Amino acid sequence: MEAIKVHEGQIVALMNDNIDTDQIIPKAFLKRIEKTGFGEFLFDEWRYLPDRSLNPDFALNDPERQDATILITGENFGCGSSREHAAWALLDYRFRVIIAGGYSDIFYMNCTKNGVLPIQLPQKVRLELANLTPSETVTIDLPNQLVKSPVGDFPFEIDAVWKHKFIHGLDDIGITLGSHQEALQKYEDKYDYQYS
């Protein structure tokens, strides 16, 4: 998992409430077994017109927001069915941070396990961030748990365990390998003849 310590990026706003996982990545595109390749289908039904041309009225298609890595959105983001592909699609598109009013529990966990930092902020703050111009950037300072922006600095909460994982780029496998490295090495040394 790629670490996030301090992330500076352009934002794009999609302020709908209750955006569910089927809207994030429709089930028709869940046929891959890899974690990559889902970004082109992110918000597919909103991003494309029936002829597969880009919908000019959809926020992600704004030519001035093409470098956005931070998504500002509404309440209850990622609700609906459990779909790890939704987190994969957001990351594959290039989003590293989502700022919403709240998340479904499963979607929140899927984001944290796949390197997408979910931040929860009040609606008033999100609306201020959503109104930033394309040339203005936002900085996520994870060690200090601050969203720094031209309209102010806003503190956010995150579980200490998840904060540690993001700052050090550790997923569950990385933590297991790091915590038991000595025992794993002893085991491999004991049975070295079987692995050489």
# chains A, B, ... in the order shown; residues from 1 in each chain; ligands from 1
$ residues_around --residues "Val161 in chain A" --least-positions-apart "2" --cutoff "12 Å" --atoms "only C-alpha atoms" --output "ChimeraX atom specification"
/A:112-113,157-159,163-172,175
$ residues_around --residues "Ser104 in chain A" --least-positions-apart "5" --cutoff "7 Å" --atoms "only C-alpha atoms" --output "list in words"
Asn76, Phe77, Gly78 and Cys79 of chain A
$ select_by_dssp --residues "range 3-161 of chain A" --states "alpha helix (DSSP H)" --output "NGL selection string"
:A and (21-24 or 44-47 or 84-93 or 105-114 or 123-130 or 160-161)
$ closest_residue --among "A:Gly174, A:Pro150, A:Pro143, A:Pro134" --to "Asp62 in chain A" --atoms "only C-alpha atoms"
A:Pro134
$ select_by_dssp --residues "range 5-148 of chain A" --states "strand (DSSP E or B)" --output "PyMOL selection string"
chain A and resi 6-14+20+48+54+68-73+77+79+97-100+103+117-120+138-141+146-148
$ residues_around --residues "Asp20 in chain A" --least-positions-apart "5" --cutoff "12 Å" --atoms "only C-alpha atoms" --output "VMD selection string"
chain A and resid 25 to 27 42 to 43 73 to 83 86 to 87 103 to 104 106 to 107
$ decode --residues "range 84-101 of chain A" --atoms "N, CA, C and O atoms" --output "PDB file, in the first residue's frame"
ATOM      1  N   GLU A  84     -15.548  -4.184  -2.761  1.00  0.00           N
ATOM      2  CA  GLU A  84     -14.178  -3.694  -2.659  1.00  0.00           C
ATOM      3  C   GLU A  84     -13.744  -3.021  -3.953  1.00  0.00           C
ATOM      4  O   GLU A  84     -12.895  -2.136  -3.950  1.00  0.00           O
ATOM      5  N   HIS A  85     -14.367  -3.427  -5.063  1.00  0.00           N
ATOM      6  CA  HIS A  85     -14.041  -2.831  -6.356  1.00  0.00           C
ATOM      7  C   HIS A  85     -14.270  -1.314  -6.353  1.00  0.00           C
ATOM      8  O   HIS A  85     -13.645  -0.598  -7.132  1.00  0.00           O
ATOM      9  N   ALA A  86     -15.190  -0.830  -5.506  1.00  0.00           N
ATOM     10  CA  ALA A  86     -15.446   0.619  -5.454  1.00  0.00           C
ATOM     11  C   ALA A  86     -14.198   1.361  -4.991  1.00  0.00           C
ATOM     12  O   ALA A  86     -13.826   2.393  -5.566  1.00  0.00           O
ATOM     13  N   ALA A  87     -13.539   0.840  -3.965  1.00  0.00           N
ATOM     14  CA  ALA A  87     -12.283   1.454  -3.507  1.00  0.00           C
ATOM     15  C   ALA A  87     -11.206   1.311  -4.576  1.00  0.00           C
ATOM     16  O   ALA A  87     -10.433   2.243  -4.822  1.00  0.00           O
ATOM     17  N   TRP A  88     -11.151   0.144  -5.224  1.00  0.00           N
ATOM     18  CA  TRP A  88     -10.161  -0.053  -6.288  1.00  0.00           C
ATOM     19  C   TRP A  88     -10.385   0.936  -7.424  1.00  0.00           C
ATOM     20  O   TRP A  88      -9.424   1.472  -7.981  1.00  0.00           O
ATOM     21  N   ALA A  89     -11.655   1.175  -7.805  1.00  0.00           N
ATOM     22  CA  ALA A  89     -11.961   2.098  -8.904  1.00  0.00           C
ATOM     23  C   ALA A  89     -11.555   3.529  -8.553  1.00  0.00           C
ATOM     24  O   ALA A  89     -10.991   4.244  -9.386  1.00  0.00           O
ATOM     25  N   LEU A  90     -11.834   3.945  -7.329  1.00  0.00           N
ATOM     26  CA  LEU A  90     -11.451   5.300  -6.897  1.00  0.00           C
ATOM     27  C   LEU A  90      -9.931   5.472  -6.946  1.00  0.00           C
ATOM     28  O   LEU A  90      -9.419   6.479  -7.441  1.00  0.00           O
ATOM     29  N   LEU A  91      -9.205   4.476  -6.449  1.00  0.00           N
ATOM     30  CA  LEU A  91      -7.742   4.549  -6.441  1.00  0.00           C
ATOM     31  C   LEU A  91      -7.192   4.468  -7.858  1.00  0.00           C
ATOM     32  O   LEU A  91      -6.280   5.226  -8.217  1.00  0.00           O
ATOM     33  N   ASP A  92      -7.748   3.598  -8.681  1.00  0.00           N
ATOM     34  CA  ASP A  92      -7.270   3.433 -10.052  1.00  0.00           C
ATOM     35  C   ASP A  92      -7.522   4.698 -10.875  1.00  0.00           C
ATOM     36  O   ASP A  92      -6.747   5.026 -11.776  1.00  0.00           O
ATOM     37  N   TYR A  93      -8.596   5.415 -10.547  1.00  0.00           N
ATOM     38  CA  TYR A  93      -8.880   6.682 -11.238  1.00  0.00           C
ATOM     39  C   TYR A  93      -7.839   7.728 -10.869  1.00  0.00           C
ATOM     40  O   TYR A  93      -7.461   8.549 -11.650  1.00  0.00           O
ATOM     41  N   ARG A  94      -7.325   7.703  -9.663  1.00  0.00           N
ATOM     42  CA  ARG A  94      -6.250   8.523  -9.093  1.00  0.00           C
ATOM     43  C   ARG A  94      -6.654   9.215  -7.794  1.00  0.00           C
ATOM     44  O   ARG A  94      -5.903  10.020  -7.252  1.00  0.00           O
ATOM     45  N   PHE A  95      -7.852   8.956  -7.270  1.00  0.00           N
ATOM     46  CA  PHE A  95      -8.224   9.570  -5.996  1.00  0.00           C
ATOM     47  C   PHE A  95      -7.443   8.915  -4.861  1.00  0.00           C
ATOM     48  O   PHE A  95      -7.437   7.700  -4.721  1.00  0.00           O
ATOM     49  N   ARG A  96      -6.796   9.727  -4.036  1.00  0.00           N
ATOM     50  CA  ARG A  96      -6.096   9.225  -2.850  1.00  0.00           C
ATOM     51  C   ARG A  96      -6.863   9.561  -1.574  1.00  0.00           C
ATOM     52  O   ARG A  96      -6.664   8.931  -0.547  1.00  0.00           O
ATOM     53  N   VAL A  97      -7.717  10.594  -1.659  1.00  0.00           N
ATOM     54  CA  VAL A  97      -8.432  11.060  -0.469  1.00  0.00           C
ATOM     55  C   VAL A  97      -9.899  11.309  -0.848  1.00  0.00           C
ATOM     56  O   VAL A  97     -10.181  11.899  -1.894  1.00  0.00           O
ATOM     57  N   ILE A  98     -10.811  10.861   0.015  1.00  0.00           N
ATOM     58  CA  ILE A  98     -12.234  11.167  -0.127  1.00  0.00           C
ATOM     59  C   ILE A  98     -12.630  11.949   1.122  1.00  0.00           C
ATOM     60  O   ILE A  98     -12.301  11.556   2.246  1.00  0.00           O
ATOM     61  N   ILE A  99     -13.330  13.058   0.943  1.00  0.00           N
ATOM     62  CA  ILE A  99     -13.841  13.840   2.072  1.00  0.00           C
ATOM     63  C   ILE A  99     -15.361  13.846   1.966  1.00  0.00           C
ATOM     64  O   ILE A  99     -15.925  14.410   1.030  1.00  0.00           O
ATOM     65  N   ALA A 100     -16.012  13.178   2.906  1.00  0.00           N
ATOM     66  CA  ALA A 100     -17.466  13.044   2.887  1.00  0.00           C
ATOM     67  C   ALA A 100     -18.032  13.383   4.262  1.00  0.00           C
ATOM     68  O   ALA A 100     -17.293  13.555   5.236  1.00  0.00           O
ATOM     69  N   GLY A 101     -19.367  13.431   4.328  1.00  0.00           N
ATOM     70  CA  GLY A 101     -20.017  13.657   5.616  1.00  0.00           C
ATOM     71  C   GLY A 101     -20.078  12.382   6.446  1.00  0.00           C
ATOM     72  O   GLY A 101     -20.203  12.429   7.663  1.00  0.00           O
TER      73      GLY A 101
END
